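Structure below is query_14.txt: compact mmCIF, C-alpha atoms (C1' of nucleotides).
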# COMPACT_ATOMS: atom_id res chain seq x y z
CA MET A 1334 82.50 90.32 138.16
CA SER A 1335 79.77 88.27 139.78
CA ASP A 1336 78.72 85.09 138.04
CA PHE A 1337 75.37 83.83 139.20
CA LYS A 1338 75.81 80.63 137.17
CA ASP A 1339 78.93 79.68 139.14
CA PHE A 1340 77.00 79.75 142.37
CA ILE A 1341 73.77 78.08 141.41
CA GLY A 1342 74.93 75.94 138.52
CA SER A 1343 75.55 72.82 140.56
CA ASP A 1344 73.85 71.02 143.41
CA LYS A 1345 76.94 70.82 145.55
CA GLY A 1346 78.64 74.08 144.67
CA PRO A 1347 78.79 77.03 147.05
CA GLN A 1348 75.51 78.71 147.85
CA CYS A 1349 74.81 82.02 146.15
CA PRO A 1350 75.91 84.63 148.73
CA ARG A 1351 73.03 86.41 150.41
CA ILE A 1352 74.47 89.78 149.43
CA TYR A 1353 74.05 88.80 145.77
CA ILE A 1354 70.43 87.93 146.36
CA LEU A 1355 69.89 91.30 148.02
CA ALA A 1356 71.69 93.11 145.20
CA LEU A 1357 69.53 91.27 142.68
CA SER A 1358 66.26 92.12 144.38
CA ASP A 1359 67.39 95.74 144.76
CA THR A 1360 67.82 95.90 141.02
CA LEU A 1361 64.55 94.18 140.28
CA ASN A 1362 62.68 96.53 142.61
CA ALA A 1363 64.40 99.53 141.06
CA ILE A 1364 63.03 98.80 137.59
CA SER A 1365 59.82 96.85 138.21
CA GLY A 1366 56.38 98.22 137.49
CA LYS A 1367 54.72 99.98 134.63
CA TRP A 1368 56.45 103.35 134.80
CA LYS A 1369 60.00 103.06 136.16
CA LEU A 1370 61.76 102.32 132.87
CA PRO A 1371 59.85 104.91 130.80
CA ILE A 1372 60.69 107.53 133.42
CA ILE A 1373 64.36 106.51 133.56
CA ALA A 1374 64.46 106.61 129.76
CA ALA A 1375 63.06 110.14 129.73
CA LEU A 1376 65.60 111.23 132.37
CA LEU A 1377 68.40 109.69 130.30
CA ARG A 1378 67.15 111.74 127.34
CA GLY A 1379 67.54 114.87 129.43
CA VAL A 1380 63.93 115.46 130.43
CA ASN A 1381 64.19 116.81 133.96
CA ARG A 1382 61.07 118.69 135.02
CA PHE A 1383 57.82 117.36 136.41
CA LYS A 1384 55.69 118.85 133.67
CA ASP A 1385 58.04 117.68 130.94
CA LEU A 1386 58.18 114.17 132.42
CA LEU A 1387 54.37 114.16 132.43
CA ASP A 1388 54.39 115.00 128.73
CA ALA A 1389 57.28 112.65 127.87
CA THR A 1390 55.73 109.68 129.67
CA GLU A 1391 52.57 108.98 127.73
CA LYS A 1392 49.40 108.46 129.77
CA ILE A 1393 51.01 108.65 133.17
CA THR A 1394 49.00 110.59 135.74
CA PRO A 1395 50.58 113.18 138.05
CA ARG A 1396 49.79 110.94 141.00
CA MET A 1397 51.81 108.05 139.57
CA LEU A 1398 54.67 110.26 138.40
CA SER A 1399 54.92 111.81 141.84
CA LYS A 1400 54.83 108.41 143.52
CA GLU A 1401 57.41 106.84 141.19
CA LEU A 1402 59.79 109.80 141.44
CA LYS A 1403 59.62 109.55 145.24
CA GLU A 1404 60.49 105.85 145.10
CA LEU A 1405 63.34 106.48 142.67
CA GLU A 1406 64.61 109.24 144.94
CA MET A 1407 64.41 107.01 148.02
CA ASN A 1408 66.41 104.40 146.13
CA SER A 1409 69.12 106.95 145.24
CA ILE A 1410 68.46 106.55 141.55
CA VAL A 1411 67.12 110.05 141.10
CA GLU A 1412 67.95 113.28 142.90
CA ARG A 1413 65.55 116.17 143.29
CA LYS A 1414 66.91 119.69 143.13
CA VAL A 1415 64.87 122.73 144.12
CA TYR A 1416 65.74 126.14 142.64
CA ASN A 1417 64.09 128.95 144.55
CA GLN A 1418 63.05 131.01 141.59
CA THR A 1419 59.62 132.19 140.71
CA PRO A 1420 57.93 130.16 139.59
CA VAL A 1421 59.75 127.50 141.57
CA LEU A 1422 61.95 125.24 139.44
CA ILE A 1423 62.42 121.63 140.38
CA GLU A 1424 64.74 119.31 138.50
CA TYR A 1425 64.97 115.56 138.67
CA ARG A 1426 68.29 114.05 137.63
CA LEU A 1427 69.65 110.55 137.50
CA THR A 1428 72.44 109.88 139.97
CA LYS A 1429 75.57 107.98 138.91
CA SER A 1430 73.76 104.77 139.90
CA GLY A 1431 70.74 105.85 137.92
CA LYS A 1432 72.78 106.36 134.77
CA ASP A 1433 74.56 103.04 135.30
CA ILE A 1434 71.23 101.21 135.09
CA ALA A 1435 71.58 101.67 131.33
CA ASN A 1436 74.02 98.73 131.48
CA VAL A 1437 71.33 96.50 132.95
CA ILE A 1438 68.86 97.75 130.36
CA ASP A 1439 71.32 96.91 127.59
CA SER A 1440 71.72 93.34 128.80
CA MET A 1441 67.94 93.03 129.02
CA ILE A 1442 67.56 94.27 125.44
CA ASP A 1443 70.23 91.81 124.31
CA TRP A 1444 68.46 88.87 125.92
CA GLY A 1445 65.08 90.02 124.63
CA MET A 1446 66.33 90.39 121.06
CA VAL A 1447 67.87 86.91 120.96
CA HIS A 1448 64.87 85.42 122.75
CA ARG A 1449 62.47 86.95 120.20
CA THR A 1450 64.52 85.45 117.38
CA GLN A 1451 64.55 82.04 119.04
CA ALA A 1452 60.91 81.97 120.10
CA ILE A 1453 59.62 82.40 116.57
CA THR A 1454 56.17 81.13 117.41
CA LYS A 1455 55.49 83.94 119.82
CA THR A 1456 52.12 85.56 119.14
CA ASP A 1457 52.47 88.96 120.77
CA VAL A 1458 54.16 91.60 118.67
CA MET B 722 75.49 94.78 120.83
CA SER B 723 72.61 97.10 121.56
CA ASP B 724 73.40 100.27 123.42
CA PHE B 725 70.39 101.91 124.95
CA LYS B 726 72.44 104.95 125.95
CA ASP B 727 73.31 105.68 122.33
CA PHE B 728 69.67 105.96 121.45
CA ILE B 729 68.25 107.85 124.35
CA GLY B 730 71.32 109.77 125.47
CA SER B 731 70.65 112.89 123.46
CA ASP B 732 67.67 115.04 122.63
CA LYS B 733 68.31 115.03 118.92
CA GLY B 734 69.76 111.55 118.42
CA PRO B 735 67.85 108.73 116.75
CA GLN B 736 64.85 107.36 118.60
CA CYS B 737 65.24 104.05 120.39
CA PRO B 738 63.94 101.45 117.90
CA ARG B 739 60.57 100.02 118.82
CA ILE B 740 61.94 96.48 118.64
CA TYR B 741 64.36 97.37 121.46
CA ILE B 742 61.48 98.58 123.59
CA LEU B 743 59.61 95.33 122.92
CA ALA B 744 62.70 93.25 123.71
CA LEU B 745 63.15 95.19 126.93
CA SER B 746 59.59 94.72 128.09
CA ASP B 747 59.75 91.02 127.17
CA THR B 748 62.70 90.67 129.49
CA LEU B 749 61.12 92.68 132.26
CA ASN B 750 57.93 90.61 132.05
CA ALA B 751 59.93 87.40 132.04
CA ILE B 752 61.55 88.13 135.41
CA SER B 753 59.06 90.42 137.17
CA GLY B 754 57.08 89.39 140.20
CA LYS B 755 57.83 87.71 143.46
CA TRP B 756 58.60 84.19 142.27
CA LYS B 757 60.12 84.14 138.76
CA LEU B 758 63.75 84.59 139.78
CA PRO B 759 63.68 82.14 142.71
CA ILE B 760 62.14 79.53 140.40
CA ILE B 761 64.68 80.18 137.64
CA ALA B 762 67.46 79.95 140.24
CA ALA B 763 66.17 76.57 141.43
CA LEU B 764 65.93 75.32 137.84
CA LEU B 765 69.51 76.50 137.20
CA ARG B 766 70.56 74.49 140.27
CA GLY B 767 69.04 71.39 138.71
CA VAL B 768 65.75 71.23 140.60
CA ASN B 769 63.29 69.98 138.01
CA ARG B 770 60.18 68.48 139.59
CA PHE B 771 57.07 70.22 140.88
CA LYS B 772 57.40 68.84 144.39
CA ASP B 773 61.09 69.68 144.57
CA LEU B 774 60.47 73.19 143.24
CA LEU B 775 57.83 73.60 145.95
CA ASP B 776 60.41 72.66 148.58
CA ALA B 777 63.24 74.67 146.99
CA THR B 778 61.16 77.84 146.68
CA GLU B 779 60.41 78.81 150.24
CA LYS B 780 56.82 79.71 151.07
CA ILE B 781 55.48 79.46 147.54
CA THR B 782 52.07 77.79 147.29
CA PRO B 783 51.29 75.13 144.68
CA ARG B 784 48.83 77.51 143.08
CA MET B 785 51.52 80.16 142.50
CA LEU B 786 54.13 77.63 141.39
CA SER B 787 51.71 76.16 138.87
CA LYS B 788 50.77 79.62 137.59
CA GLU B 789 54.36 80.83 137.29
CA LEU B 790 55.57 77.65 135.57
CA LYS B 791 52.77 78.04 133.03
CA GLU B 792 53.81 81.61 132.32
CA LEU B 793 57.48 80.64 132.01
CA GLU B 794 56.48 77.83 129.66
CA MET B 795 54.34 80.17 127.54
CA ASN B 796 57.32 82.52 127.31
CA SER B 797 59.60 79.68 126.12
CA ILE B 798 61.81 80.00 129.15
CA VAL B 799 60.87 76.63 130.60
CA GLU B 800 59.85 73.40 128.91
CA ARG B 801 57.64 70.78 130.52
CA LYS B 802 58.32 67.12 129.83
CA VAL B 803 55.90 64.34 130.76
CA TYR B 804 57.20 60.83 131.36
CA ASN B 805 54.38 58.28 131.41
CA GLN B 806 55.62 56.23 134.29
CA THR B 807 53.78 55.38 137.45
CA PRO B 808 53.63 57.56 139.31
CA VAL B 809 53.73 60.07 136.49
CA LEU B 810 57.00 62.00 136.26
CA ILE B 811 57.01 65.58 135.06
CA GLU B 812 60.18 67.58 134.59
CA TYR B 813 60.59 71.29 134.11
CA ARG B 814 63.78 72.41 132.41
CA LEU B 815 65.14 75.75 131.33
CA THR B 816 65.40 76.25 127.59
CA LYS B 817 68.48 77.79 126.01
CA SER B 818 66.82 81.19 126.44
CA GLY B 819 66.04 80.35 130.04
CA LYS B 820 69.65 79.55 130.80
CA ASP B 821 70.81 82.69 129.01
CA ILE B 822 68.82 84.83 131.45
CA ALA B 823 71.70 84.22 133.85
CA ASN B 824 73.56 86.92 131.90
CA VAL B 825 70.84 89.44 132.70
CA ILE B 826 70.85 88.32 136.31
CA ASP B 827 74.62 88.83 136.47
CA SER B 828 74.37 92.39 135.21
CA MET B 829 71.60 93.05 137.73
CA ILE B 830 73.76 91.71 140.56
CA ASP B 831 76.67 93.86 139.37
CA TRP B 832 74.56 97.00 139.39
CA GLY B 833 73.01 96.12 142.73
CA MET B 834 76.38 95.50 144.37
CA VAL B 835 77.86 98.81 143.21
CA HIS B 836 74.65 100.64 144.05
CA ARG B 837 74.63 99.24 147.60
CA THR B 838 78.20 100.42 148.06
CA GLN B 839 77.37 103.87 146.74
CA ALA B 840 74.10 104.33 148.59
CA ILE B 841 75.69 103.88 151.99
CA THR B 842 72.85 105.53 153.83
CA LYS B 843 70.35 102.90 152.75
CA THR B 844 68.36 101.60 155.69
CA ASP B 845 67.06 98.26 154.43
CA VAL B 846 69.49 95.37 154.78
C1' DA C 666 39.83 140.08 140.64
C1' DT C 667 40.60 136.41 137.50
C1' DG C 668 43.40 133.38 135.17
C1' DT C 669 47.76 130.89 134.32
C1' DT C 670 51.85 128.09 135.35
C1' DC C 671 54.48 124.91 138.20
C1' DG C 672 54.61 121.13 141.14
C1' DA C 673 52.24 118.53 142.89
C1' DT C 674 48.14 116.19 146.60
C1' DA C 675 43.24 114.08 147.76
C1' DT C 676 39.72 110.90 147.24
C1' DA C 677 37.68 107.14 145.32
C1' DC C 678 37.84 103.32 142.61
C1' DA C 679 39.42 99.16 139.51
C1' DA C 680 42.57 95.68 138.27
C1' DA C 681 46.45 92.76 139.01
C1' DA C 682 49.19 90.03 141.95
C1' DG C 683 49.65 87.12 145.71
C1' DT C 684 47.91 84.13 149.94
C1' DA C 685 45.37 80.53 152.59
C1' DT C 686 43.28 76.38 152.84
C1' DA C 687 41.17 72.60 151.16
C1' DC C 688 40.60 69.29 147.74
C1' DT C 689 41.08 66.10 143.25
C1' DG C 690 42.40 61.87 140.51
C1' DA C 691 45.40 58.41 139.20
C1' DT C 692 48.33 54.89 140.83
C1' DA C 693 50.71 52.23 144.17
C1' DT C 694 51.75 50.51 149.06
C1' DT C 695 50.44 48.39 153.50
C1' DA D 844 39.97 49.36 152.98
C1' DA D 845 42.95 52.91 154.39
C1' DT D 846 46.99 55.61 153.31
C1' DA D 847 50.58 57.78 150.62
C1' DT D 848 52.73 60.12 146.54
C1' DC D 849 52.79 63.07 142.53
C1' DA D 850 51.13 66.84 140.19
C1' DG D 851 48.45 69.76 140.41
C1' DT D 852 43.14 72.52 140.78
C1' DA D 853 39.18 75.18 143.31
C1' DT D 854 37.41 78.76 145.98
C1' DA D 855 37.69 82.64 148.55
C1' DC D 856 40.16 86.09 150.14
C1' DT D 857 43.88 90.20 151.00
C1' DT D 858 47.35 93.20 149.35
C1' DT D 859 49.57 95.82 146.00
C1' DT D 860 49.56 98.38 141.99
C1' DG D 861 47.57 101.43 138.91
C1' DT D 862 43.56 104.72 137.16
C1' DA D 863 40.30 108.67 137.09
C1' DT D 864 39.11 113.05 138.25
C1' DA D 865 39.29 117.00 140.83
C1' DT D 866 41.74 120.17 143.55
C1' DC D 867 45.61 122.87 146.20
C1' DG D 868 48.92 126.80 147.05
C1' DA D 869 52.33 130.00 145.79
C1' DA D 870 53.66 133.46 142.56
C1' DC D 871 53.00 136.05 139.04
C1' DA D 872 50.40 138.32 134.48
C1' DT D 873 46.46 140.75 132.61
Using the file provided, produce a representation of the structure as structure tokens.
Amino acid sequence: MSDFKDFIGSDKGPQCPRIYILALSDTLNAISGKWKLPIIAALLRGVNRFKDLLDATEKITPRMLSKELKELEMNSIVERKVYNQTPVLIEYRLTKSGKDIANVIDSMIDWGMVHRTQAITKTDV
Amino acid sequence: MSDFKDFIGSDKGPQCPRIYILALSDTLNAISGKWKLPIIAALLRGVNRFKDLLDATEKITPRMLSKELKELEMNSIVERKVYNQTPVLIEYRLTKSGKDIANVIDSMIDWGMVHRTQAITKTDV
DNA sequence: ATGTTCGATATACAAAAGTATACTGATATT
DNA sequence: AATATCAGTATACTTTTGTATATCGAACAT
């Protein structure tokens, strides 16, 4: 298990390996932006078709959904399957990696919950 | 411990509590953007002064550093201490919450490492 | 022939995020 | 008087991200 703190916790300690930095920015890119997490959440719930994702992801436009799905596919987080029926059926599914992002999401929720409790003076609710 | 999967893993299961969604977006906002993580990393290493953060964070401009530090301070991730010496000394330090973000970073590195191994065809290195 | 569904794309625009470059004011040093 | 340091700010710009609205093409259904 990587431990970021061990690498950057002291001035003279070992430098954080470059591969960790790359892994970190991969992850940040994978979930950054307005729509990535809502889409991943819908996919985790079992929503798999373009139309259904449009409905499940409130206020997203088809342009953005198309763009985000392409990015997720390029990043091997989502796979796109085409079934040659009529009308054509296309399914988007999370890959193993895609499903595993739930672990990152959990740690983010944990931090956010504790942080909200600690920062009691926060104004935005 | 929160478990996102438990809430969004099934069609008929309970909805993900709104507070979890808020906690999640708090966390995402706290670390999103080009400079937040590099700045937090420098602070974790013990770099505390504006000038030193400028040097430690490659290519950042004073305008961006100032802006980001203000945001981190508003989010109770960083605290700013003024020492009335001459010349004036100002120190930025991570709060407890700020230090705890290392846990999120670790889980992001973990995911990123495994994902890089799995997505062997990735072109960007 | 006209309309409907699915899975999108096209064009134009607005807003947010980030960059480049120069400058400020207070104090101290030479 | 000129110069340097610290901690920023000011102004103008470019790039990236997101929105709004309309439309496309294939395959049916009526």
Chain B contacts to chain C at 12 Å (all atoms listed in the file) as a VMD selection string
chain B and resid 753 to 756 780 to 786 788 to 789 805 to 809
Would you give me, as JSON lines, each residue of chain B having an atom within 9 Å of an atom of chain A, along with its shortest atom pair and that distance in Å to one decimal, using only C-alpha atoms and sorting by chain and residue number?
{"residue": "B:Met722", "atom": "CA", "partner": "A:Asp1443", "partner_atom": "CA", "distance": 7.0}
{"residue": "B:Ser723", "atom": "CA", "partner": "A:Asp1439", "partner_atom": "CA", "distance": 6.2}
{"residue": "B:Asp724", "atom": "CA", "partner": "A:Asp1439", "partner_atom": "CA", "distance": 5.7}
{"residue": "B:Phe725", "atom": "CA", "partner": "A:Asp1439", "partner_atom": "CA", "distance": 5.7}
{"residue": "B:Lys726", "atom": "CA", "partner": "A:Ala1435", "partner_atom": "CA", "distance": 6.4}
{"residue": "B:Phe728", "atom": "CA", "partner": "A:Arg1378", "partner_atom": "CA", "distance": 8.6}
{"residue": "B:Ile729", "atom": "CA", "partner": "A:Arg1378", "partner_atom": "CA", "distance": 5.0}
{"residue": "B:Gly730", "atom": "CA", "partner": "A:Arg1378", "partner_atom": "CA", "distance": 5.0}
{"residue": "B:Ser731", "atom": "CA", "partner": "A:Arg1378", "partner_atom": "CA", "distance": 5.4}
{"residue": "B:Asp732", "atom": "CA", "partner": "A:Arg1378", "partner_atom": "CA", "distance": 5.8}
{"residue": "B:Ile740", "atom": "CA", "partner": "A:Met1446", "partner_atom": "CA", "distance": 7.9}
{"residue": "B:Tyr741", "atom": "CA", "partner": "A:Ile1442", "partner_atom": "CA", "distance": 6.0}
{"residue": "B:Ile742", "atom": "CA", "partner": "A:Ile1442", "partner_atom": "CA", "distance": 7.7}
{"residue": "B:Leu743", "atom": "CA", "partner": "A:Gly1445", "partner_atom": "CA", "distance": 7.8}
{"residue": "B:Ala744", "atom": "CA", "partner": "A:Gly1445", "partner_atom": "CA", "distance": 4.1}
{"residue": "B:Leu745", "atom": "CA", "partner": "A:Ile1442", "partner_atom": "CA", "distance": 4.7}
{"residue": "B:Ser746", "atom": "CA", "partner": "A:Gly1445", "partner_atom": "CA", "distance": 8.0}
{"residue": "B:Asp747", "atom": "CA", "partner": "A:Gly1445", "partner_atom": "CA", "distance": 6.0}
{"residue": "B:Thr748", "atom": "CA", "partner": "A:Gly1445", "partner_atom": "CA", "distance": 5.5}
{"residue": "B:Leu749", "atom": "CA", "partner": "A:Ser1365", "partner_atom": "CA", "distance": 7.4}
{"residue": "B:Asn750", "atom": "CA", "partner": "A:Ser1365", "partner_atom": "CA", "distance": 9.0}
{"residue": "B:Ile752", "atom": "CA", "partner": "A:Leu1361", "partner_atom": "CA", "distance": 8.3}
{"residue": "B:Ser753", "atom": "CA", "partner": "A:Ser1365", "partner_atom": "CA", "distance": 6.6}
{"residue": "B:Gly754", "atom": "CA", "partner": "A:Ser1365", "partner_atom": "CA", "distance": 8.2}
{"residue": "B:Ala762", "atom": "CA", "partner": "A:Ile1341", "partner_atom": "CA", "distance": 6.7}
{"residue": "B:Ala763", "atom": "CA", "partner": "A:Ile1341", "partner_atom": "CA", "distance": 7.7}
{"residue": "B:Leu765", "atom": "CA", "partner": "A:Gly1342", "partner_atom": "CA", "distance": 5.6}
{"residue": "B:Arg766", "atom": "CA", "partner": "A:Gly1342", "partner_atom": "CA", "distance": 4.9}
{"residue": "B:Gly767", "atom": "CA", "partner": "A:Asp1344", "partner_atom": "CA", "distance": 6.7}
{"residue": "B:Val768", "atom": "CA", "partner": "A:Asp1344", "partner_atom": "CA", "distance": 8.6}
{"residue": "B:Met795", "atom": "CA", "partner": "A:Lys1455", "partner_atom": "CA", "distance": 8.7}
{"residue": "B:Asn796", "atom": "CA", "partner": "A:Lys1455", "partner_atom": "CA", "distance": 7.8}
{"residue": "B:Ser797", "atom": "CA", "partner": "A:Ala1452", "partner_atom": "CA", "distance": 6.6}
{"residue": "B:Ile798", "atom": "CA", "partner": "A:His1448", "partner_atom": "CA", "distance": 8.9}
{"residue": "B:Ser818", "atom": "CA", "partner": "A:His1448", "partner_atom": "CA", "distance": 5.9}
{"residue": "B:Gly819", "atom": "CA", "partner": "A:His1448", "partner_atom": "CA", "distance": 9.0}
{"residue": "B:Lys820", "atom": "CA", "partner": "A:Lys1338", "partner_atom": "CA", "distance": 8.9}
{"residue": "B:Asp821", "atom": "CA", "partner": "A:Trp1444", "partner_atom": "CA", "distance": 7.3}
{"residue": "B:Ile822", "atom": "CA", "partner": "A:Trp1444", "partner_atom": "CA", "distance": 6.9}
{"residue": "B:Ala823", "atom": "CA", "partner": "A:Lys1338", "partner_atom": "CA", "distance": 6.4}
{"residue": "B:Asn824", "atom": "CA", "partner": "A:Ser1440", "partner_atom": "CA", "distance": 7.4}
{"residue": "B:Val825", "atom": "CA", "partner": "A:Ser1440", "partner_atom": "CA", "distance": 5.6}
{"residue": "B:Ile826", "atom": "CA", "partner": "A:Phe1337", "partner_atom": "CA", "distance": 7.0}
{"residue": "B:Asp827", "atom": "CA", "partner": "A:Phe1337", "partner_atom": "CA", "distance": 5.7}
{"residue": "B:Ser828", "atom": "CA", "partner": "A:Val1437", "partner_atom": "CA", "distance": 5.6}
{"residue": "B:Met829", "atom": "CA", "partner": "A:Leu1357", "partner_atom": "CA", "distance": 5.7}
{"residue": "B:Ile830", "atom": "CA", "partner": "A:Leu1357", "partner_atom": "CA", "distance": 4.8}
{"residue": "B:Asp831", "atom": "CA", "partner": "A:Ser1335", "partner_atom": "CA", "distance": 6.4}
{"residue": "B:Trp832", "atom": "CA", "partner": "A:Ile1434", "partner_atom": "CA", "distance": 6.9}
{"residue": "B:Gly833", "atom": "CA", "partner": "A:Ala1356", "partner_atom": "CA", "distance": 4.1}
{"residue": "B:Met834", "atom": "CA", "partner": "A:Ala1356", "partner_atom": "CA", "distance": 5.3}
{"residue": "B:Val835", "atom": "CA", "partner": "A:Ser1430", "partner_atom": "CA", "distance": 8.0}
{"residue": "B:His836", "atom": "CA", "partner": "A:Ser1430", "partner_atom": "CA", "distance": 5.9}
{"residue": "B:Arg837", "atom": "CA", "partner": "A:Ala1356", "partner_atom": "CA", "distance": 7.2}
{"residue": "B:Gln839", "atom": "CA", "partner": "A:Ser1430", "partner_atom": "CA", "distance": 7.8}
{"residue": "B:Ala840", "atom": "CA", "partner": "A:Ser1409", "partner_atom": "CA", "distance": 6.5}
{"residue": "B:Lys843", "atom": "CA", "partner": "A:Asn1408", "partner_atom": "CA", "distance": 7.8}
{"residue": "B:Val846", "atom": "CA", "partner": "A:Leu1355", "partner_atom": "CA", "distance": 7.9}
Written file, previous selection with C-alpha atoms, as a tab-separated table (two decimals), in the coordinates of the input:
chain	number	residue	atom	x	y	z
B	722	MET	CA	75.49	94.78	120.83
B	723	SER	CA	72.61	97.10	121.56
B	724	ASP	CA	73.40	100.27	123.42
B	725	PHE	CA	70.39	101.91	124.95
B	726	LYS	CA	72.44	104.95	125.95
B	728	PHE	CA	69.67	105.96	121.45
B	729	ILE	CA	68.25	107.85	124.35
B	730	GLY	CA	71.32	109.77	125.47
B	731	SER	CA	70.65	112.89	123.46
B	732	ASP	CA	67.67	115.04	122.63
B	740	ILE	CA	61.94	96.48	118.64
B	741	TYR	CA	64.36	97.37	121.46
B	742	ILE	CA	61.48	98.58	123.59
B	743	LEU	CA	59.61	95.33	122.92
B	744	ALA	CA	62.70	93.25	123.71
B	745	LEU	CA	63.15	95.19	126.93
B	746	SER	CA	59.59	94.72	128.09
B	747	ASP	CA	59.75	91.02	127.17
B	748	THR	CA	62.70	90.67	129.49
B	749	LEU	CA	61.12	92.68	132.26
B	750	ASN	CA	57.93	90.61	132.05
B	752	ILE	CA	61.55	88.13	135.41
B	753	SER	CA	59.06	90.42	137.17
B	754	GLY	CA	57.08	89.39	140.20
B	762	ALA	CA	67.46	79.95	140.24
B	763	ALA	CA	66.17	76.57	141.43
B	765	LEU	CA	69.51	76.50	137.20
B	766	ARG	CA	70.56	74.49	140.27
B	767	GLY	CA	69.04	71.39	138.71
B	768	VAL	CA	65.75	71.23	140.60
B	795	MET	CA	54.34	80.17	127.54
B	796	ASN	CA	57.32	82.52	127.31
B	797	SER	CA	59.60	79.68	126.12
B	798	ILE	CA	61.81	80.00	129.15
B	818	SER	CA	66.82	81.19	126.44
B	819	GLY	CA	66.04	80.35	130.04
B	820	LYS	CA	69.65	79.55	130.80
B	821	ASP	CA	70.81	82.69	129.01
B	822	ILE	CA	68.82	84.83	131.45
B	823	ALA	CA	71.70	84.22	133.85
B	824	ASN	CA	73.56	86.92	131.90
B	825	VAL	CA	70.84	89.44	132.70
B	826	ILE	CA	70.85	88.32	136.31
B	827	ASP	CA	74.62	88.83	136.47
B	828	SER	CA	74.37	92.39	135.21
B	829	MET	CA	71.60	93.05	137.73
B	830	ILE	CA	73.76	91.71	140.56
B	831	ASP	CA	76.67	93.86	139.37
B	832	TRP	CA	74.56	97.00	139.39
B	833	GLY	CA	73.01	96.12	142.73
B	834	MET	CA	76.38	95.50	144.37
B	835	VAL	CA	77.86	98.81	143.21
B	836	HIS	CA	74.65	100.64	144.05
B	837	ARG	CA	74.63	99.24	147.60
B	839	GLN	CA	77.37	103.87	146.74
B	840	ALA	CA	74.10	104.33	148.59
B	843	LYS	CA	70.35	102.90	152.75
B	846	VAL	CA	69.49	95.37	154.78
Is there a way to get, as a list of chain:residue names, all residues within 7 Å of the point (70.6, 113.4, 139.6) in file coordinates, counting all atoms listed in the file?
A:Val1411, A:Glu1412, A:Arg1413, A:Tyr1425, A:Arg1426, A:Leu1427, A:Thr1428
Once 5 Å is added on each side, what are the centre and the three edge lengths, in Å to one decimal, of the axis-aligned box enclosing the listed atoms of segment 1376-1392 of chain A? Present them as AutoDock Vina command-line options.
--center_x 58.9 --center_y 113.7 --center_z 131.9 --size_x 29.0 --size_y 20.4 --size_z 19.1
Taking into account all atoms listed in the file, which residue in the set B:Ile760, B:Lys802, B:Arg770, B:Pro738 is nearest to chain D?
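Comparing B:Ile760, B:Lys802, B:Arg770, B:Pro738 against chain D, the winner is B:Arg770.
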Please, what distance in Å, to one decimal, runs between atom CA of Lys1403 of chain A and atom CA of Lys1369 of chain A?
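Between atom CA of Lys1403 of chain A and atom CA of Lys1369 of chain A the gap is 11.2 Å.
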Using all atoms listed in the file, which of D:DA850, D:DA844, D:DC871, D:DA863 sits nearest chain B?
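Ranking D:DA850, D:DA844, D:DC871, D:DA863 by distance to chain B, first place goes to D:DA850.
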Residue nearest chain D among B:Thr838, B:Arg739, B:Leu774, B:Glu792 (counting all atoms listed in the file):
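Closest to chain D, using all atoms listed in the file: B:Leu774.
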So that each row is one residue of chain D with an atom at most 9 Å from chain B, can you give its shortest atom pair and the distance in Å to one decimal, using all atoms listed in the file, rows by chain and rising number, as a tab-separated table?
residue	atom	partner	partner_atom	distance
D:DT848	C1'	B:Pro808	CA	7.7
D:DC849	C1'	B:Pro808	CA	6.4
D:DA850	C1'	B:Phe771	CA	6.9
D:DG851	C1'	B:Ser787	CA	7.3
D:DT852	C1'	B:Arg784	CA	7.9
Any idea what the distance is between atom CA of Glu779 of chain B and atom CA of Leu1405 of chain A?
28.8 Å
What's the separation between atom CA of Leu775 of chain B and atom C1' of DA845 of chain D, in Å to one decimal place?
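That distance, rounded to one decimal, is 26.8 Å.
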